[in-house]
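Take a look at the structure set out below.
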Amino acid sequence: MRMVAILGFGALSGLVAVVMEGRAIDRAVHQHEAVLVTLQDFRVADSEMNRDVLRARTGRLHHYDALVEADRRAQAALSRLLVQVAGDAVLEREAERVHGQYSRKTRHLERFKTLNALLTNSSMYFLRESDLQIRRQRDPDTLRVLGFLTHTLQRLVREPGSETTRAAREALARTAAIPSADSLVRHGALLLTLLPDIEAEMSAMPAIADMPSFVAIGARVAERQRELQRRSHLMRMKMLAIGTAMAALSLLVGWRLHLRVRASRRRATYDEMMLSASQALASASREQVDCAINAALGALRDWAGVRAAALATRSHTGPLRLWPDVDADMHSAAEASLAERPTADKRVSRTCLLLSDTGTVLMPDARTARYPPSARWLCVRREDGRGRTWLLCLDRADMKHALYCAVDLPLLESALDILTGVLEKHRLEGESKRLEEQLLEARRLEAIGTMASGISHNFNNIVGAIRGNAESALEQLPAIASAREPLTRILRSTERAHDLVEGILDYGRAQRRVMERVDLDELINETAALLTASLPTGVTLQVARPHAPVTIWGNPAQLQQIIMNLCTNGARAMNMQGTLRVSLAEDAATGHDGTCSITLRVDDSGIGISPDDRERIFEPFYTTERDGTGLGLATVKQIVSNHRGCIHVESTPGRGTSFLVTLPSRSRPGAGAVAPRKADDAVDHMSVMLVSADMAVVERLEDILAALGHEPVGYATAHSAYAALRAQPLRFDCVVLDQEGMAADDVRKLREAAAVPVLIATRRWRSLGRSDDRDVSGFVRIPTEPAALADALQRARATAPT
Amino acid sequence: MARRAWRLSVQGLLASLACLLAGGLVAATISREDAFRPLPPAPALNPSRVSLGRDLFHDTRLSGDGTVSCASCHNVADNGASHRMRDQLRGRAQATFNTPTVFNAALNFRLNWQGGFRTLEEHALASLRNPAVMRADPDAVLARLRAHAATRTAFRRAYGRDPDEASLLDALASYQRTLLTTDSRFDRWLQGDDSALDARELRGYRSFVAVGCVSCHQGVNVGGNLFQRSGVFEPAAERAMGRLRVPSLRNVAATAPYFHDGSAATLPEAVDAMARAQLGTALKARDIEEITAFLHTLSGRRDGRLLDGGMP
């Protein structure tokens, strides 16, 4: 359009220039015409003057007004000419020359008039006098002389020349002797002098129009006029050309406008169609999505005027999905398009594919951006970032007109975007739902774990009592007593029970997060020493570790437990025979936040894990071993999660298994600096004073607090607790107080002395919120829920003075 | 007898020769339309310009000393000239020539005795500057005119602008172009009124033509359209001059004294002197008297007043 505007402007300026030129030419033509008219006027006046001179000379003109008038007109024409040619040096010079010539001519004219008047007068006198004399004269000699005089003067008039002049002079001399002819002689003598003079004056008055200067002016102006005519002709040609160009331009503009209007109409229809389709898609439920997409594709098909429109998608491995899934031809075309890898610019994931009826991929013409007319399938292709390819396929069978890539392709791409966007939205909704479910499951497991750990604590005491009693019973029995056998089995069962309970406790303890700086290298060394002692003799332990110290932020006991558990697992998987490899590697890649990660790897050469088991091995209580607790790997996973790491399994059944634990490293080796302890790390660990007359309550709370990662210290009386507080005011971070059965005075003193938050544990909810409880930081109910206690501690800590 | 017959035949031959000669030089007879034309009517010019020109013609502010105007020498209330031989204005040298009349001056092909000016404008400007005439600086004159509100108004009405040289000269010329003296008896006769001239005047006209006066005094202005030698056969006036513009003979009866130096006091004197000096002939008293009578018929009318100098 800009090109058209430039061309239009150019044509317009050309037109203006030509019109200006035309006006200039007209002006010049007009000027030249005026000059020609002036020249003609002058020529007429000049020739009239010459004619009247002759008439005056021959006695056919008896006054000089005609000559004066001709002179006046010639003078006026000359003055006009001088003005009209002003500015043209050549013409001015010639005009000046003509003016000079004419001025000389007028001087001769005036002399002619003077002489002619005298001549007329004298000849009239001579005529009258000679006639008179001849009539009166009686003397033949005198008559002869007079006759001779008349004759010679007549000859002189007819043939002026030296011979006739001489004859006239002789006749005059002879007549002079006649006294009566005195005045005749005087006038005759005058005539004799006047005649040659007047002839000279007349010959000095040429026709100015025949003079070269005058002719030159006329020729020059005529030449100019011809030149102007040529220019005028050229100008008309230019105007014709410009007019044609402008007509062509307006046709072009009209055509472009027509195209634009058509395109914007098409665009408006498209917008309307896509808007309603988008609304339908957005409001569709998960079940209705397919239906809505089919409807949108139908609308798109009608808009594009094609036989069918379809949406297809496929991930790297999955099968092809097609909406609407009815057209076998479309299916094969989509397959063919997906099989074609775009070879053009790799950065552009969108591309437009064109397939012939037989499924051959054609490419649109790069220059005209038009599709070959033989193309049947038009597929707009798009790859999202997750390895999924989307296709919008149009079946152009029986279509007469060609699709214009530039116009329609962006619209088709946007339609594809809208459709994939809807599907993506629904996919994300599904994903989020699944994650939510997973989160719920994880919480459930955590609750189970916490509870199990609480139970185990008590259960361990019971098992310990059974075991102790069984051992003492076994010691007291004679070596051959038949009761020894069942007692030994009891003892073995209690050992297993103890192991199970320990496992559960470990899993529960895995949630503790008392973090400090740990040199992993050193830790592995220590653990290796422990393992070497505890592992069966058939198992060899190889440790590969970097020479530089590797420091991470974590709990050393938990980290050690990771290694222990993995190695114990590995040893079992190898059936207590083989080589275990423990290696530590620092990953080369450094995270964007300046951290790098450390991978702890434990390889065994055991039986491996089947793919089905691999999914579940980290679930608590899932075990493949007859006497396994199913908590070892669950604990490892919990610890790794606590350390914000992750764990992977690589396993080949029959060959062995590798566990890879990746942990974030807080400082790179050699950097020396240790990141400051984060506030939430500090918050997590508290020393809690437990005060209750009921020992069951104390134990229960101790278990829960230990499971939450805190340090519980129990007191049976308020007095002893008060004494402990007085002795070590900064020992505790929080007090949990069960006032039941306590002396009121001691309780008051304790509460006054406590500079830390006090939580009241109570069995009676109705007593909560009493006025004397204003200084407490919160309440927990007996029996206590671990989550409620954790929550209460968290809030108490948050309100505590720092 | 034979001698007489021969003489007659020779006379006839010579007469026919003379006729032939005359035919070769001039036509044998000159009809009234050949040599003269009646005076045209006064041109219809812009009346405000003519009126302004008349005022300026009588305006002494046009002279350097504010004492004289054009009308000081050209008395349009009288004969368009003065009756003095040569005018002498106050504080100025005596004029070189007798003042020609301004009447019908617009029809002369040149102005003044020596014919030095082609147009009335040229002549007006020269007269303004002439120390013996107006003795003025045109710019100073214009400044004086511009200083006067009424004059400025008149110029604006006539020319749409304040006084300048062109408008001043044009106003004067416009006025002079209207100074024609129409309705002379000669003009009426030229236009076909045979009773306009009586027998004596007609005889005078014929003598005027036959003697040769018509050679120079012809045309619409009866002269005024060529130069002629002054004193072809003998001196015409007291002061000899080489070549002079032939003066017009219209209103000649009213414009005595005559000749460039005013040396001829009366018309018969002037006719006699002209015939001797220019034509080389001595006119008879009767011819002079008849020609003088004819010349009186050239007197036209100005504002209804016949300009014939009070002579019959």
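Here, A, B, ... name the chains of the structure tokens in the order displayed, residue numbers run from 1 inside each chain, and ligands are numbered from 1 in the same displayed order.
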
Exercise for review: Within 8 Å of region 281-294 of chain B, counting only C-alpha atoms, which residues show up once you throw out same-chain ones fewer than 5 positions away? Write them as a ChimeraX atom specification, please.
Suggested key: /A:183 /B:200-205,207-208,267-268,271-272,275-276,312

Practice item. Can you pull out every residue within 12 Å of Asn251 (chain B), counting only C-alpha atoms, but drop anything in the same chain fewer than 5 positions away, and send it as number ranges by chain? Key: B: 78-81, 100-105, 180-186, 221-223, 256, 258, 267, 292, 294-302, 305-311

Exercise for review: Enumerate as a list in words the residues belonging to chain A that approach chain B to within 6 Å, with only C-alpha atoms taken into account.
Suggested key: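 Every residue of chain A that passes the 6 Å test is in Gly59, His62, His63, Asp65, Thr114, Ala117, Asn121, Leu127, Asp131, Ile134, Gly147 and Gln154 of chain A.
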
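Summary of the local environment: counting only C-alpha atoms, residues at most 12 Å from Gly421 (chain A), other than itself and those fewer than 6 positions away along its chain, are Ser278, Leu281, Ala282, Val289, Ile293, Arg382, Asp384, Trp390, Glu413, Ser414, Ala415, Arg427 and Leu428 of chain A.
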
Exercise for review: Excluding Ala154 (chain B) and any residue of its chain fewer than 2 positions from it, enumerate the residues within 12 Å of it, using only C-alpha atoms, and give them as an MDAnalysis selection string.
Suggested key: chainID B and resid 47:56 145:146 148:152 156:163 167:168 171

Exercise for review: Give me the residues within 12 Å of Ala310 (chain A) as a PyMOL selection string, counting only C-alpha atoms and dropping any in the same chain fewer than 3 places off.
Suggested key: chain A and resi 290+293-301+306-307+313+321-334+377-381+390-396+412+415-416+419

Practice item. Check the DSSP output for the backbone and give back, as number ranges by chain, the residues of region 148-306 of chain B in strand (DSSP E or B). Key: B: 182, 219, 227-229, 243-245, 258, 264, 301-302, 305-306

Practice item. One decimal, Å: what's the distance from CA of Leu67 (chain A) over to CA of Ala216 (chain A), could you say? Key: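 Separating CA of Leu67 (chain A) from CA of Ala216 (chain A) is a distance of 26.1 Å.
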